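K.L.:
The following file, protein38.cif, comprises mmCIF, C-alpha atoms and all ligand atoms:
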```
data_input
loop_
_atom_site.label_atom_id
_atom_site.label_comp_id
_atom_site.auth_asym_id
_atom_site.auth_seq_id
_atom_site.Cartn_x
_atom_site.Cartn_y
_atom_site.Cartn_z
CA MET A 1 99.21 83.07 -167.18
CA LYS A 2 99.89 79.47 -168.15
CA ILE A 3 98.32 78.38 -171.44
CA LYS A 4 96.51 75.06 -171.41
CA GLN A 5 94.85 75.02 -174.81
CA CYS A 6 95.35 76.22 -178.38
CA GLN A 7 94.46 79.86 -178.99
CA LEU A 8 93.11 79.14 -182.47
CA CYS A 9 91.25 75.81 -182.27
CA ASP A 10 90.79 75.25 -178.48
CA SER A 11 92.45 71.82 -178.62
CA LYS A 12 94.17 70.68 -175.42
CA ASN A 13 96.49 68.50 -177.48
CA ILE A 14 99.45 70.88 -177.22
CA THR A 15 103.11 70.05 -176.63
CA LEU A 16 106.16 72.08 -175.60
CA VAL A 17 108.69 72.35 -178.48
CA ILE A 18 111.00 75.27 -177.59
CA ASP A 19 112.35 76.15 -174.13
CA LEU A 20 114.61 79.21 -173.82
CA GLY A 21 114.58 79.42 -170.01
CA GLN A 22 113.54 82.38 -167.84
CA HIS A 23 113.49 85.89 -169.35
CA PRO A 24 112.50 89.42 -168.40
CA LEU A 25 110.31 91.37 -170.86
CA ALA A 26 112.48 91.98 -173.94
CA ASP A 27 111.05 95.40 -174.76
CA THR A 28 111.50 96.91 -171.32
CA PHE A 29 114.87 98.66 -171.34
CA LEU A 30 115.87 99.73 -167.82
CA LYS A 31 116.30 103.35 -166.71
CA ASP A 32 118.56 102.25 -163.86
CA LEU A 33 119.81 99.00 -162.41
CA GLU A 34 117.83 99.42 -159.20
CA GLN A 35 114.67 98.59 -161.14
CA LYS A 36 113.29 95.19 -160.12
CA GLU A 37 112.88 92.78 -163.00
CA GLU A 38 110.30 90.01 -163.23
CA TYR A 39 111.29 86.81 -165.02
CA TYR A 40 108.91 84.51 -166.91
CA PRO A 41 109.37 81.19 -168.75
CA LEU A 42 110.03 81.71 -172.47
CA GLN A 43 108.61 78.54 -174.02
CA VAL A 44 106.73 77.77 -177.23
CA PHE A 45 104.15 75.03 -177.63
CA LEU A 46 102.81 73.47 -180.81
CA CYS A 47 99.15 72.52 -181.25
CA LYS A 48 99.02 68.98 -182.56
CA SER A 49 95.50 69.51 -183.89
CA CYS A 50 95.87 72.65 -186.04
CA GLY A 51 99.62 73.44 -186.08
CA TYR A 52 99.47 76.75 -184.21
CA ALA A 53 102.63 77.70 -182.27
CA GLY A 54 102.44 80.09 -179.31
CA LEU A 55 103.91 80.98 -175.94
CA SER A 56 103.09 78.64 -173.09
CA HIS A 57 103.17 81.51 -170.60
CA ILE A 58 101.56 84.87 -171.39
CA VAL A 59 102.36 88.09 -169.52
CA SER A 60 99.30 90.34 -169.12
CA ALA A 61 99.05 93.19 -171.62
CA PRO A 62 98.93 96.07 -169.07
CA VAL A 63 102.24 94.85 -167.59
CA ARG A 64 103.75 94.67 -171.07
CA TYR A 65 102.68 98.03 -172.47
CA GLN A 66 101.56 100.36 -169.74
CA LYS A 67 103.70 99.72 -166.67
CA THR A 68 106.85 101.10 -168.28
CA ASP A 69 107.68 103.24 -171.29
CA TYR A 70 107.58 101.21 -174.49
CA SER A 71 110.69 101.97 -176.48
CA TYR A 72 110.12 100.93 -180.11
CA THR A 73 109.20 103.72 -182.50
CA SER A 74 108.66 102.89 -186.16
CA SER A 75 109.60 106.37 -187.40
CA ASN A 76 113.07 105.94 -185.94
CA SER A 77 114.15 103.49 -188.62
CA PRO A 78 114.45 104.55 -192.29
CA ILE A 79 113.96 100.89 -193.24
CA ALA A 80 110.63 100.79 -191.40
CA THR A 81 109.47 104.08 -192.95
CA ALA A 82 110.21 102.85 -196.51
CA HIS A 83 108.59 99.50 -195.76
CA PHE A 84 105.35 101.10 -194.53
CA LYS A 85 105.17 103.39 -197.55
CA GLU A 86 105.42 100.36 -199.85
CA MET A 87 102.75 98.55 -197.80
CA ALA A 88 100.31 101.47 -198.03
CA ASP A 89 100.98 101.80 -201.79
CA GLN A 90 100.19 98.12 -202.31
CA ALA A 91 97.03 98.20 -200.14
CA VAL A 92 95.69 101.19 -202.07
CA ARG A 93 96.38 99.31 -205.31
CA LEU A 94 94.78 96.01 -204.22
CA VAL A 95 91.82 97.30 -202.18
CA LYS A 96 89.51 100.03 -203.46
CA ILE A 97 89.98 102.72 -200.82
CA ALA A 98 88.17 106.04 -201.31
CA PRO A 99 88.99 109.33 -199.51
CA LYS A 100 85.81 108.96 -197.41
CA ASP A 101 86.96 105.53 -196.13
CA LEU A 102 88.44 104.92 -192.73
CA VAL A 103 91.76 103.11 -192.27
CA ILE A 104 92.49 101.92 -188.74
CA ASP A 105 95.85 100.70 -187.51
CA ILE A 106 95.85 98.42 -184.45
CA GLY A 107 99.02 98.99 -182.44
CA SER A 108 99.67 102.05 -184.58
CA ASN A 109 102.87 103.05 -182.77
CA VAL A 110 103.80 106.62 -183.76
CA GLY A 111 101.54 106.46 -186.85
CA THR A 112 104.12 105.97 -189.61
CA LEU A 113 101.95 103.55 -191.64
CA LEU A 114 98.76 105.63 -191.25
CA LYS A 115 100.55 108.73 -192.44
CA SER A 116 101.51 106.91 -195.64
CA PHE A 117 97.84 106.04 -196.27
CA GLU A 118 96.84 109.64 -195.67
CA GLN A 119 99.46 110.95 -198.05
CA ILE A 120 98.55 108.52 -200.86
CA ILE A 121 94.74 108.51 -200.78
CA HIS A 122 93.80 111.32 -198.33
CA CYS A 123 91.51 108.89 -196.50
CA ARG A 124 90.44 109.15 -192.87
CA ILE A 125 92.92 107.56 -190.48
CA LEU A 126 92.79 106.43 -186.87
CA GLY A 127 95.35 104.69 -184.67
CA VAL A 128 94.84 102.54 -181.58
CA GLU A 129 97.92 102.38 -179.38
CA PRO A 130 98.13 101.16 -175.76
CA SER A 131 101.43 102.84 -174.76
CA ALA A 132 100.85 106.35 -173.38
CA ASN A 133 104.28 107.71 -174.35
CA ILE A 134 104.03 106.36 -177.92
CA ALA A 135 100.41 107.57 -178.43
CA ARG A 136 101.53 111.02 -177.32
CA LEU A 137 104.30 111.04 -179.96
CA ALA A 138 101.74 110.02 -182.64
CA ARG A 139 99.36 112.84 -181.73
CA LYS A 140 102.24 115.29 -181.86
CA GLU A 141 102.71 114.17 -185.49
CA HIS A 142 98.99 114.87 -186.13
CA VAL A 143 97.95 111.22 -186.34
CA PRO A 144 94.58 110.81 -184.55
CA THR A 145 95.29 108.12 -181.97
CA LEU A 146 93.20 106.46 -179.25
CA GLN A 147 95.38 105.47 -176.33
CA ASN A 148 93.82 102.15 -175.44
CA PHE A 149 93.86 98.40 -175.91
CA PHE A 150 91.96 96.96 -178.86
CA SER A 151 89.14 95.65 -176.64
CA LYS A 152 85.42 95.14 -177.31
CA GLU A 153 84.66 98.29 -175.35
CA THR A 154 87.13 100.37 -177.38
CA VAL A 155 85.80 98.93 -180.65
CA LEU A 156 82.14 99.65 -179.86
CA LYS A 157 83.07 103.23 -178.98
CA MET A 158 85.06 103.57 -182.21
CA VAL A 159 82.19 102.31 -184.38
CA LYS A 160 79.80 104.76 -182.71
CA LYS A 161 82.10 107.73 -183.13
CA TYR A 162 83.87 107.05 -186.44
CA GLY A 163 81.80 104.34 -188.21
CA ASN A 164 83.15 101.04 -189.58
CA ALA A 165 86.59 100.73 -191.13
CA LYS A 166 87.17 99.79 -194.77
CA VAL A 167 90.67 98.64 -193.90
CA ILE A 168 92.19 97.48 -190.64
CA VAL A 169 95.97 97.18 -190.73
CA CYS A 170 98.14 95.53 -188.18
CA THR A 171 101.91 95.19 -188.58
CA ASN A 172 103.90 93.02 -186.22
CA VAL A 173 101.00 93.31 -183.77
CA PHE A 174 98.66 90.37 -184.48
CA ASN A 175 101.44 88.15 -183.10
CA HIS A 176 101.57 90.30 -179.91
CA VAL A 177 97.88 89.86 -179.14
CA ASN A 178 97.18 87.86 -175.95
CA ASN A 179 93.79 86.58 -177.06
CA VAL A 180 93.76 86.01 -180.83
CA ARG A 181 90.11 84.98 -180.95
CA GLU A 182 88.89 88.06 -179.09
CA CYS A 183 90.99 90.22 -181.42
CA MET A 184 89.38 88.60 -184.49
CA GLU A 185 85.88 89.10 -183.03
CA ASN A 186 86.69 92.78 -182.64
CA ILE A 187 88.04 93.04 -186.19
CA ASP A 188 84.78 91.43 -187.38
CA ARG A 189 82.79 94.09 -185.45
CA LEU A 190 84.85 96.97 -186.76
CA LEU A 191 85.13 96.17 -190.48
CA THR A 192 82.62 97.24 -193.15
CA LYS A 193 80.95 94.34 -195.04
CA ASP A 194 83.43 94.68 -197.90
CA GLY A 195 86.31 95.56 -195.58
CA TYR A 196 89.80 94.11 -195.48
CA PHE A 197 91.98 93.07 -192.60
CA ILE A 198 95.61 93.40 -193.71
CA PHE A 199 98.30 92.20 -191.39
CA GLU A 200 101.98 91.49 -191.42
CA THR A 201 103.59 89.15 -188.96
CA PRO A 202 106.83 87.17 -188.66
CA TYR A 203 106.44 83.80 -190.43
CA LEU A 204 106.96 80.57 -188.51
CA LEU A 205 108.49 78.79 -191.51
CA ASP A 206 111.16 81.51 -191.82
CA LEU A 207 111.76 81.45 -188.06
CA VAL A 208 112.42 77.72 -188.18
CA GLU A 209 114.43 77.67 -191.41
CA ASN A 210 116.62 80.64 -190.46
CA ILE A 211 116.94 79.54 -186.81
CA SER A 212 115.67 83.02 -185.85
CA PHE A 213 115.14 81.96 -182.25
CA ASP A 214 115.79 85.57 -181.20
CA THR A 215 112.44 86.62 -182.69
CA ILE A 216 110.91 84.59 -179.87
CA TYR A 217 110.25 86.80 -176.85
CA LEU A 218 107.58 87.35 -174.22
CA GLU A 219 105.93 90.12 -176.26
CA HIS A 220 105.51 87.75 -179.25
CA VAL A 221 102.65 85.54 -178.16
CA SER A 222 101.97 83.79 -181.51
CA TYR A 223 104.21 82.32 -184.24
CA PHE A 224 101.92 82.09 -187.24
CA ALA A 225 101.86 79.76 -190.22
CA ILE A 226 99.22 79.77 -192.96
CA LYS A 227 97.74 76.31 -192.38
CA PRO A 228 96.37 77.03 -188.88
CA LEU A 229 95.44 80.62 -189.81
CA GLN A 230 93.37 79.62 -192.84
CA LYS A 231 91.21 77.32 -190.68
CA PHE A 232 90.94 79.95 -187.97
CA PHE A 233 89.74 82.70 -190.34
CA LYS A 234 87.17 80.35 -191.88
CA ARG A 235 85.54 79.94 -188.46
CA PHE A 236 84.80 83.69 -188.59
CA GLY A 237 83.66 83.62 -192.22
CA PHE A 238 86.88 85.22 -193.48
CA TYR A 239 89.10 84.07 -196.35
CA ILE A 240 92.67 84.82 -197.37
CA GLN A 241 92.54 86.90 -200.56
CA TYR A 242 96.19 87.69 -201.07
CA LEU A 243 99.38 86.52 -199.46
CA GLU A 244 103.07 87.24 -199.87
CA LYS A 245 106.36 86.81 -198.11
CA ASN A 246 108.94 89.50 -197.46
CA ASP A 247 112.24 89.89 -195.62
CA TYR A 248 110.96 92.33 -193.04
CA MET A 249 111.78 91.44 -189.40
CA GLY A 250 113.83 88.47 -190.60
CA GLY A 251 111.00 86.94 -192.68
CA SER A 252 107.35 88.01 -192.54
CA ILE A 253 104.07 87.23 -194.26
CA ARG A 254 101.66 89.90 -195.44
CA VAL A 255 98.07 88.63 -195.53
CA TYR A 256 94.88 90.22 -196.92
CA VAL A 257 91.68 88.77 -195.43
CA SER A 258 88.06 89.59 -196.28
CA ARG A 259 84.59 88.03 -196.22
CA GLU A 260 84.57 87.20 -199.94
CA LYS A 261 84.47 83.41 -200.26
CA THR A 262 87.49 82.15 -202.15
CA ASP A 263 90.04 79.37 -202.35
CA LYS A 264 93.26 80.94 -203.64
CA LYS A 265 96.09 78.87 -205.12
CA VAL A 266 98.72 80.89 -203.30
CA VAL A 267 97.25 79.74 -199.97
CA LYS A 268 97.53 76.09 -201.05
CA ASP A 269 101.12 76.71 -202.17
CA PHE A 270 102.07 78.12 -198.77
CA ILE A 271 100.43 75.22 -196.92
CA ASN A 272 102.19 72.69 -199.18
CA ALA A 273 105.54 74.33 -198.42
CA GLU A 274 104.79 74.26 -194.68
CA ASN A 275 103.88 70.56 -194.76
CA LYS A 276 106.92 69.76 -196.91
CA ALA A 277 109.21 71.43 -194.35
CA ASN A 278 107.63 69.35 -191.54
CA LEU A 279 106.68 72.58 -189.82
CA PHE A 280 104.06 70.85 -187.69
CA SER A 281 106.28 68.02 -186.46
CA THR A 282 107.95 68.11 -183.02
CA LYS A 283 111.14 66.61 -184.54
CA THR A 284 111.69 69.81 -186.51
CA TYR A 285 111.92 71.75 -183.25
CA GLU A 286 114.35 69.26 -181.72
CA SER A 287 116.84 69.98 -184.51
CA PHE A 288 116.01 73.69 -184.27
CA MET A 289 117.11 73.73 -180.60
CA LYS A 290 120.30 71.81 -181.47
CA GLU A 291 121.21 74.52 -183.99
CA VAL A 292 120.46 77.27 -181.46
CA ASN A 293 122.72 75.67 -178.88
CA ALA A 294 125.53 75.13 -181.40
CA LEU A 295 125.34 78.84 -182.19
CA ARG A 296 125.39 79.62 -178.48
CA TYR A 297 128.63 77.67 -177.86
CA ASN A 298 130.36 79.14 -180.94
CA LEU A 299 129.50 82.71 -180.11
CA TYR A 300 130.43 82.31 -176.46
CA ARG A 301 133.83 80.86 -177.42
CA GLN A 302 134.46 83.66 -179.90
CA LEU A 303 133.62 86.39 -177.37
CA PHE A 304 135.70 84.73 -174.64
CA GLN A 305 138.74 84.56 -176.92
CA ILE A 306 138.43 88.25 -177.82
CA LYS A 307 138.03 89.28 -174.19
CA ALA A 308 140.91 86.99 -173.09
CA SER A 309 143.20 88.74 -175.59
CA GLY A 310 142.39 92.04 -173.86
CA LYS A 311 140.26 93.52 -176.65
CA LYS A 312 136.95 95.30 -176.31
CA VAL A 313 133.67 94.09 -177.77
CA ILE A 314 130.60 96.22 -178.12
CA ALA A 315 127.25 95.37 -179.69
CA VAL A 316 125.41 97.44 -182.30
CA GLY A 317 121.63 97.83 -182.53
CA ALA A 318 119.76 97.42 -179.22
CA ALA A 319 116.96 95.53 -180.93
CA THR A 320 114.32 93.82 -178.80
CA LYS A 321 115.24 90.44 -180.22
CA GLY A 322 118.84 91.01 -179.20
CA ASN A 323 117.65 90.56 -175.63
CA THR A 324 116.49 86.99 -176.25
CA LEU A 325 119.95 86.18 -177.59
CA LEU A 326 121.80 87.97 -174.77
CA ASN A 327 119.67 86.41 -172.03
CA TYR A 328 119.49 82.86 -173.42
CA PHE A 329 123.22 82.87 -174.24
CA LYS A 330 124.00 84.51 -170.86
CA ILE A 331 126.04 87.30 -172.47
CA ASP A 332 126.09 90.31 -170.13
CA ASN A 333 128.03 93.48 -169.29
CA SER A 334 131.13 91.43 -168.38
CA LEU A 335 131.51 90.44 -172.06
CA ILE A 336 129.98 93.40 -173.89
CA ASP A 337 131.14 96.89 -172.87
CA PHE A 338 128.14 98.72 -174.29
CA ILE A 339 125.53 98.62 -177.06
CA THR A 340 124.96 101.45 -179.50
CA ASP A 341 121.59 102.48 -180.85
CA SER A 342 120.19 105.53 -182.63
CA SER A 343 116.89 105.69 -180.69
CA ALA A 344 116.71 108.50 -178.15
CA LEU A 345 114.25 106.33 -176.19
CA LYS A 346 116.98 103.73 -175.60
CA ILE A 347 120.23 105.71 -175.21
CA GLY A 348 121.14 106.04 -171.51
CA LYS A 349 119.19 102.92 -170.53
CA PHE A 350 120.31 99.32 -169.90
CA THR A 351 119.31 96.07 -171.59
CA PRO A 352 116.85 93.94 -169.56
CA GLY A 353 118.46 90.97 -167.82
CA SER A 354 121.97 91.45 -169.25
CA HIS A 355 122.33 95.05 -167.92
CA ILE A 356 124.49 96.34 -170.77
CA PRO A 357 124.53 100.17 -171.04
CA ILE A 358 123.11 101.65 -174.27
CA LYS A 359 125.09 104.49 -175.85
CA SER A 360 125.10 106.37 -179.14
CA ASP A 361 127.18 105.45 -182.23
CA LYS A 362 129.31 108.50 -181.48
CA ASP A 363 130.66 106.72 -178.39
CA ILE A 364 132.49 104.13 -180.50
CA ASN A 365 136.18 105.02 -180.20
CA LYS A 366 139.46 103.58 -181.54
CA ASP A 367 139.82 101.15 -178.59
CA ILE A 368 136.96 99.08 -179.89
CA THR A 369 137.73 96.48 -182.52
CA PHE A 370 134.82 94.04 -182.45
CA ALA A 371 131.10 94.65 -182.79
CA LEU A 372 128.43 92.02 -182.22
CA VAL A 373 125.50 92.72 -184.53
CA LEU A 374 122.27 92.17 -182.62
CA SER A 375 120.01 93.49 -185.41
CA TRP A 376 121.24 90.89 -187.90
CA ASN A 377 118.26 91.48 -190.20
CA ILE A 378 119.66 94.96 -191.00
CA VAL A 379 123.32 93.89 -190.95
CA GLU A 380 124.14 95.34 -194.39
CA PHE A 381 122.66 98.70 -193.41
CA LEU A 382 124.66 98.76 -190.15
CA LYS A 383 127.90 97.76 -191.87
CA LYS A 384 127.50 100.63 -194.30
CA LYS A 385 126.61 103.08 -191.56
CA LEU A 386 129.57 102.14 -189.35
CA GLY A 387 131.96 101.17 -192.17
CA HIS A 388 134.38 104.04 -191.42
CA LEU A 389 135.15 102.70 -187.92
CA ASN A 390 137.19 99.64 -189.00
CA LEU A 391 135.23 97.28 -186.80
CA THR A 392 135.18 93.52 -187.22
CA PHE A 393 131.53 92.52 -187.20
CA ILE A 394 130.30 89.35 -185.51
CA VAL A 395 126.92 88.28 -186.87
CA PRO A 396 125.25 85.63 -184.69
CA GLN A 397 122.96 83.97 -187.19
CA ALA A 398 123.01 80.24 -187.67
CA LYS A 399 122.16 79.66 -191.31
CA LYS A 400 121.33 82.72 -193.32
CA TYR A 401 124.51 84.66 -192.63
CA SER A 402 128.00 83.40 -191.90
CA ASN A 403 129.76 84.25 -188.66
CA LYS A 404 132.84 85.39 -190.51
CA ASP A 405 132.93 88.88 -191.88
ZN ZN B 501 95.10 74.38 -182.53
#
```
Represent the structure from my file as structure tokens, please.
Ligand SMILES: [Zn+2]

P.N.:
Amino acid sequence: MKIKQCQLCDSKNITLVIDLGQHPLADTFLKDLEQKEEYYPLQVFLCKSCGYAGLSHIVSAPVRYQKTDYSYTSSNSPIATAHFKEMADQAVRLVKIAPKDLVIDIGSNVGTLLKSFEQIIHCRILGVEPSANIARLARKEHVPTLQNFFSKETVLKMVKKYGNAKVIVCTNVFNHVNNVRECMENIDRLLTKDGYFIFETPYLLDLVENISFDTIYLEHVSYFAIKPLQKFFKRFGFYIQYLEKNDYMGGSIRVYVSREKTDKKVVKDFINAENKANLFSTKTYESFMKEVNALRYNLYRQLFQIKASGKKVIAVGAATKGNTLLNYFKIDNSLIDFITDSSALKIGKFTPGSHIPIKSDKDINKDITFALVLSWNIVEFLKKKLGHLNLTFIVPQAKKYSNKD
């Protein structure tokens, strides 16, 4: 579906700022190479009225989450588990949650975050997860989970059966939502009067400053900044109560929103920083694309030289965002022998578009000397984990990390 107006403010004054060409869905790892792949334009527009940035072409949600097995599980990563525990600890500290209260997670995955809430405060928990295979894994772990989209119909049923929620959490999901306004209407319906909507999402300012173009993919519909969000929430009678930045997913914001009228200084500070960085100017994205392409040529040259000298290169960490890099840079199975990952849901499959086989870390043998790090946000963790293998790591990140190891 082609987008013709801003998701947040309805303005038609939108302009294309990032074009990464045609891509298959980044989260759909292939079981075999016979599988037919659909390609869609991966482009981001900027709303000149409110500053919202979002995809110009949206793939329907059933195609994204229900046609094939979704492969990301939050319990698979120790970093994610620790992060969610910290998030639940903080929410319990900042919001008065009682054991009788209901905490709902939208896009709850296998229920890692909800479990943390249950352990800390023994409150009632409920997950909403569209992927059948993931919802099944959550239920196996005793996390009550509705396998459905977060639609009006689902929400009305939930309110009838479970009552309103004191807290709705949403981590790296609000940015996946196809219709942001509809999602907010449903949050409004589902929350108690004094309820909180707490969400975490990659931050547009970090994306631009760190040239994290690989966090752009078809499953990420929105690229949020505080200035457009603050206005958007106000339309629904919601206000930002607390706000912080963290390093998760290469730079995220955690935002607490409720109906209590307020005008917090931290919100003004964030908006000032966004304006100062020219985040809402098209020029900023022109230089962003220049940096991305410089990175593309450098990495390509580096990989070609290694291959030309007869050495083998593998990649480590079959992260979703790695697929944006591989497909935009046109790096495929002729340059990378295989990718290693620890997720059982990925091993044995192939990367979308680039068709690189995914193997386990145990398959790394002495023949392999170079490893391209696709999960650059956990590069230190991976280096430690694979340190005994004497690999030279190539980290494709423009500004934050250097390419030399
Ligand atoms: Zn707008």

K.L.:
Enumerate residues in contact with ligand ZN 501 (chain B): an atom-to-atom distance of at most 10 Å, counting all atoms listed in the file. Format the result as a PyMOL selection string.

P.N.:
chain A and resi 5-14+46-54+228-229+231-232

K.L.:
Taking into account only C-alpha atoms, which residue in the set A:Ala132, A:Ala277, A:Ile339, A:Ile104 is nearest to Thr351 in chain A?

P.N.:
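Of all the options, A:Ile339 lies closest to Thr351 in chain A.
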
K.L.:
With all atoms listed in the file as the counted atoms, please give the residues lying no more than 9 Å from Ile125 in chain A, apart from itself and same-chain residues fewer than 3 positions off, as JSON, numbers by chain.

P.N.:
{"A": [101, 102, 103, 104, 105, 114, 115, 117, 118, 122, 143, 144, 145]}

K.L.:
Mind giving me the straight-line distance from CA of Gln43 in chain A to CA of Ile216 in chain A in Å, one decimal?

P.N.:
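If I compute the distance from CA of Gln43 in chain A to CA of Ile216 in chain A, I get 8.7 Å.
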
K.L.:
Hey, which of A:Met249, A:Tyr223, A:Ala61, A:Lys166 ends up closest to Asp194 in chain A? Count all atoms listed in the file.

P.N.:
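Checking each of A:Met249, A:Tyr223, A:Ala61, A:Lys166 against Asp194 in chain A, counting all atoms listed in the file, the winner is A:Lys166.
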
K.L.:
A:Arg259, A:Lys96, A:Lys264, A:Lys385: which is nearest Leu191 in chain A, counting all atoms listed in the file?

P.N.:
A:Arg259

K.L.:
Can you list, as a PyMOL selection string, every protein, DNA or RNA residue that comes within 10 Å of Phe174 in chain A when you count all atoms listed in the file, leaving out same-chain residues fewer than 3 positions away?

P.N.:
chain A and resi 106-107+169-171+177-180+183-184+199-202+220-224

K.L.:
Need to verify the contact set: Lys307 in chain A, 12 Å, all atoms listed in the file, exclusion of same-chain residues closer than 2 positions in sequence. Can you return it as a PyMOL selection string?

P.N.:
chain A and resi 300-305+309-314+333-337+368-370

K.L.:
So which residues are close to (130.5, 100.4, -188.4), meaning at most 12 Å away in the file's coordinates with only C-alpha atoms counted, and can you show them as a PyMOL selection string?

P.N.:
chain A and resi 314-317+340-341+361-366+368-373+379-394

K.L.:
Using all atoms listed in the file, can you tell me which of A:Leu94, A:Lys161, A:Tyr248, A:Pro130 comes closest to Ala82 in chain A?

P.N.:
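With all atoms listed in the file as the atom set, the closest residue is A:Tyr248.
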
K.L.:
At what distance in Å, to one decimal, does CA of Leu113 in chain A lie from CA of Met158 in chain A?

P.N.:
19.3 Å

K.L.:
Which is closest to Ile18 in chain A among A:Lys227, A:Lys245, A:Lys4, A:Lys290, if we use only C-alpha atoms?

P.N.:
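Closest residue, counting only C-alpha atoms: A:Lys290.
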
K.L.:
Name all residues at most 8 Å from range 213-215 of chain A (count only C-alpha atoms; drop same-chain ones fewer than 2 positions away) and give them as a list in words.

P.N.:
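Final neighbour list, sorted by chain and number: Leu207, Val208, Ile211, Tyr217, His220, Val292, Lys321, Gly322, Asn323, Thr324 and Leu325 of chain A.
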